[in-house]
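Undergrad: One structure is given below, represented as structure tokens, and several questions about it will come after.
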Amino acid sequence: MQKHLLATAVLAGTTALTACTGTTSVPAPTGQGALAGVCPATVVIQTDWYATPERAAAYQLVGPNGTVDVQKGAYSGPLGDTGVNVEVRLGGPFLGGQPVPAQMYQDQSITLGFVPTDDAVRAAAKFPVTGVFASLDVNPQIVLFDPATYPQVTSWKDVPGTGAPVVYSEGKLFMDYLIAHGDVSAAQADASFDGTPSRFVAERGKAMQQGYVSNEPYRWEHDVKGWLKPVKSLLVHESGYEIYPHAWSVRSGELDALAPCLSKLVPMLQQAQVDYVRDPEPVNQALLRIAQTIPDGPPMTAGGNTDSVRVQLAQQIVGNGPDATLGDFDTGRVDRVIGVVTPILRARGLAVPDGITAGAIVTNRFVDPAIGLPSTP
């Protein structure tokens, strides 16, 4: 598959696409102070979780020598010599339980927020946002399972026949989709996930459990005491639930006002993701430092971070979009997601505007089509 070839090229470190400027690489030409007076003096990026390799493009913008603010839950520093600073804010408990779009409207200092496609649809009525860059092309969300207990499972259609509990976090829309499409039976769905492997280990793999393909399989095999053996998994994406997990989004009403900034900044966001997967270790070390400084986040190891990048490339989590460009949106895919999640949201009693289409929640207006993962020679 073409994307696997792209991943091989990136891992081999081929084809540098930019000139380095300061602590991060930015697309040439930019020039000293290229963003000063065009973008906010501090570009605030609100992520959806702790600092992890799946979110590393944001931290790549700052580089490995940023400042960690424990109280705020933030990592900040200059964006090269562009004349502006970047502040990357952690999500999770630092959001106080609010979805990112709601937080963006409550805190107007946020420039960009990480919003998955399904949350953008959910927020469209009250907190409309527009995605301008997709750092991940495929959602890394999985359901993982023990292959020794369930050797018959090779696809989603095999899951209902196992009768296994499928443990997930309450409120996740993907589970409603899996149930509606017969990939998980309603009796299997178990919304008691506590974020740890404890139940999986205690039940010796009889339960299936949500996770990230770029995190949990490595951790279960190498770090989870009481298990320490391989697991297998099914990507939620492969069930047909094709959300973009990290659409870097602005408040929709500010899109035009921010356009001069975004036209210069978005290519830098694209390049940050390319730069990270080409040479991840400096920022991976920063992720470790953040995890060691800000407590209570997910377990993190150097080996796990390194493996995460490998898996993200191999599984095309990080990859070019529908063409040779990293970070653009396939609007047909977005429309399919809207069609899938709208009835789920309305069944929950939530308002979704009539006639919403991809153009209401994403745009490729600022994406540089020349920036992508390099192909093999």
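Going by the structure tokens order, chains are called A, B, ..., each with residues numbered from 1, while ligands are numbered from 1 in the order shown.
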If you run DSSP on the backbone, which residues of segment 51-234 of chain A are alpha helix (DSSP H), as a PyMOL selection string?
TA: chain A and resi 56-62+100-106+117-123+173-180+198-202+216-222
Undergrad: Which residues come within 8 Å of segment 83-96 of chain A, counting only C-alpha atoms, excluding same-chain residues fewer than 3 positions away, as a ChimeraX atom specification?
TA: /A:32-36,39-51,58-59,61-62,72-80,99-100,103
Undergrad: Considering only C-alpha atoms, tabulate each residue of segment 271-354 of chain A that lies at most 9 Å from segment 137-146 of chain A along with its nearest interatomic pair and the corresponding distance in Å to one decimal; arrange the rows by chain and ascending residue number and present them as CSV.
TA:
residue,atom,partner,partner_atom,distance
A:Gln312,CA,A:Pro140,CA,7.9
A:Gln315,CA,A:Val138,CA,8.2
A:Gln316,CA,A:Val138,CA,6.5
A:Ile317,CA,A:Val138,CA,4.4
A:Val318,CA,A:Asp137,CA,5.6
A:Gly319,CA,A:Asp137,CA,5.7
A:Asn320,CA,A:Asp137,CA,6.9
A:Gly321,CA,A:Asp137,CA,6.3
A:Leu326,CA,A:Asp137,CA,8.0
A:Gly327,CA,A:Asp137,CA,7.3
A:Asp328,CA,A:Asp137,CA,8.6
A:Phe329,CA,A:Asp137,CA,8.4
Undergrad: Based on the selection just made, write all heavy atoms of those residues as a short mmCIF file (atom, residue, chain, number, x, y, z; two decimals), in the first residue's frame.
TA:
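See result16.cif below for the written result:
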data_model
loop_
_atom_site.label_atom_id
_atom_site.label_comp_id
_atom_site.auth_asym_id
_atom_site.auth_seq_id
_atom_site.Cartn_x
_atom_site.Cartn_y
_atom_site.Cartn_z
N GLN A 312 2.40 4.43 14.55
CA GLN A 312 1.60 5.45 13.88
C GLN A 312 1.89 5.49 12.38
O GLN A 312 0.97 5.71 11.57
CB GLN A 312 1.87 6.83 14.50
CG GLN A 312 1.26 7.00 15.89
CD GLN A 312 1.46 8.40 16.42
OE1 GLN A 312 0.94 9.35 15.87
NE2 GLN A 312 2.24 8.51 17.50
N GLN A 315 0.63 1.92 10.80
CA GLN A 315 -0.83 1.82 10.75
C GLN A 315 -1.46 3.01 10.04
O GLN A 315 -2.68 3.14 10.01
CB GLN A 315 -1.38 1.73 12.18
CG GLN A 315 -0.99 0.48 12.94
CD GLN A 315 -1.79 -0.73 12.51
OE1 GLN A 315 -2.85 -0.62 11.90
NE2 GLN A 315 -1.29 -1.92 12.83
N GLN A 316 -0.62 3.89 9.49
CA GLN A 316 -1.08 5.06 8.74
C GLN A 316 -1.90 6.03 9.60
O GLN A 316 -2.73 6.78 9.09
CB GLN A 316 -1.88 4.62 7.52
CG GLN A 316 -1.09 3.68 6.62
CD GLN A 316 -1.99 2.85 5.73
OE1 GLN A 316 -2.92 3.37 5.13
NE2 GLN A 316 -1.72 1.56 5.65
N ILE A 317 -1.66 5.99 10.92
CA ILE A 317 -2.28 6.97 11.81
C ILE A 317 -1.80 8.36 11.39
O ILE A 317 -2.59 9.29 11.21
CB ILE A 317 -1.92 6.69 13.29
CG1 ILE A 317 -2.26 5.23 13.68
CG2 ILE A 317 -2.60 7.68 14.21
CD1 ILE A 317 -3.71 4.85 13.49
N VAL A 318 -0.48 8.49 11.25
CA VAL A 318 0.10 9.67 10.61
C VAL A 318 0.32 9.31 9.15
O VAL A 318 1.04 8.36 8.85
CB VAL A 318 1.42 10.08 11.26
CG1 VAL A 318 2.07 11.23 10.49
CG2 VAL A 318 1.20 10.49 12.71
N GLY A 319 -0.30 10.06 8.27
CA GLY A 319 -0.15 9.77 6.85
C GLY A 319 -0.72 10.90 6.02
O GLY A 319 -1.44 11.76 6.52
N ASN A 320 -0.40 10.86 4.75
CA ASN A 320 -0.97 11.84 3.85
C ASN A 320 -2.47 11.61 3.72
O ASN A 320 -2.97 10.51 3.93
CB ASN A 320 -0.31 11.76 2.47
CG ASN A 320 1.16 12.16 2.52
OD1 ASN A 320 1.60 12.84 3.45
ND2 ASN A 320 1.91 11.75 1.52
N GLY A 321 -3.18 12.66 3.35
CA GLY A 321 -4.62 12.56 3.21
C GLY A 321 -5.00 11.88 1.91
O GLY A 321 -4.33 10.95 1.46
N LEU A 326 -0.08 15.99 3.65
CA LEU A 326 -0.37 15.67 5.04
C LEU A 326 -1.18 16.80 5.65
O LEU A 326 -0.80 17.97 5.55
CB LEU A 326 0.92 15.47 5.84
CG LEU A 326 0.73 15.02 7.29
CD1 LEU A 326 1.82 14.05 7.72
CD2 LEU A 326 0.71 16.23 8.26
N GLY A 327 -2.31 16.44 6.27
CA GLY A 327 -3.05 17.43 7.03
C GLY A 327 -4.33 17.92 6.42
O GLY A 327 -5.08 18.66 7.07
N ASP A 328 -4.61 17.52 5.16
CA ASP A 328 -5.86 17.98 4.57
C ASP A 328 -6.99 17.00 4.89
O ASP A 328 -6.77 15.87 5.34
CB ASP A 328 -5.72 18.21 3.06
CG ASP A 328 -5.24 16.98 2.30
OD1 ASP A 328 -4.84 15.98 2.94
OD2 ASP A 328 -5.26 17.01 1.05
N PHE A 329 -8.21 17.46 4.67
CA PHE A 329 -9.40 16.67 4.98
C PHE A 329 -10.01 16.11 3.70
O PHE A 329 -10.12 16.82 2.69
CB PHE A 329 -10.46 17.54 5.68
CG PHE A 329 -10.03 18.11 7.00
CD1 PHE A 329 -9.44 19.36 7.07
CD2 PHE A 329 -10.22 17.38 8.17
CE1 PHE A 329 -9.05 19.90 8.30
CE2 PHE A 329 -9.83 17.91 9.39
CZ PHE A 329 -9.25 19.16 9.46
#
Undergrad: I need the residues in segment 2-251 of chain A that are strand (DSSP E or B) according to DSSP; give them as JSON, numbers by chain.
TA: {"A": [19, 20, 21, 24, 25, 26, 36, 39, 42, 43, 44, 45, 46, 67, 68, 69, 74, 75, 76, 77, 78, 85, 86, 87, 88, 89, 112, 113, 114, 115, 129, 130, 131, 132, 133, 134, 141, 142, 143, 144, 145, 166, 167, 169, 189, 190, 192, 208, 209, 210, 211, 212, 232, 233, 234, 235, 247, 248, 249, 250, 251]}
Undergrad: From the list A:Gln71, A:Gln152, A:Thr130, A:Asn65, which residue is nearest Thr357 of chain A when using only C-alpha atoms?
TA: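 Of A:Gln71, A:Gln152, A:Thr130, A:Asn65, the one nearest Thr357 of chain A, counting only C-alpha atoms, is A:Thr130.
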Undergrad: Atom CA of Asn215 of chain A to atom CA of Leu228 of chain A: how many Å, to one decimal?
TA: 14.1 Å
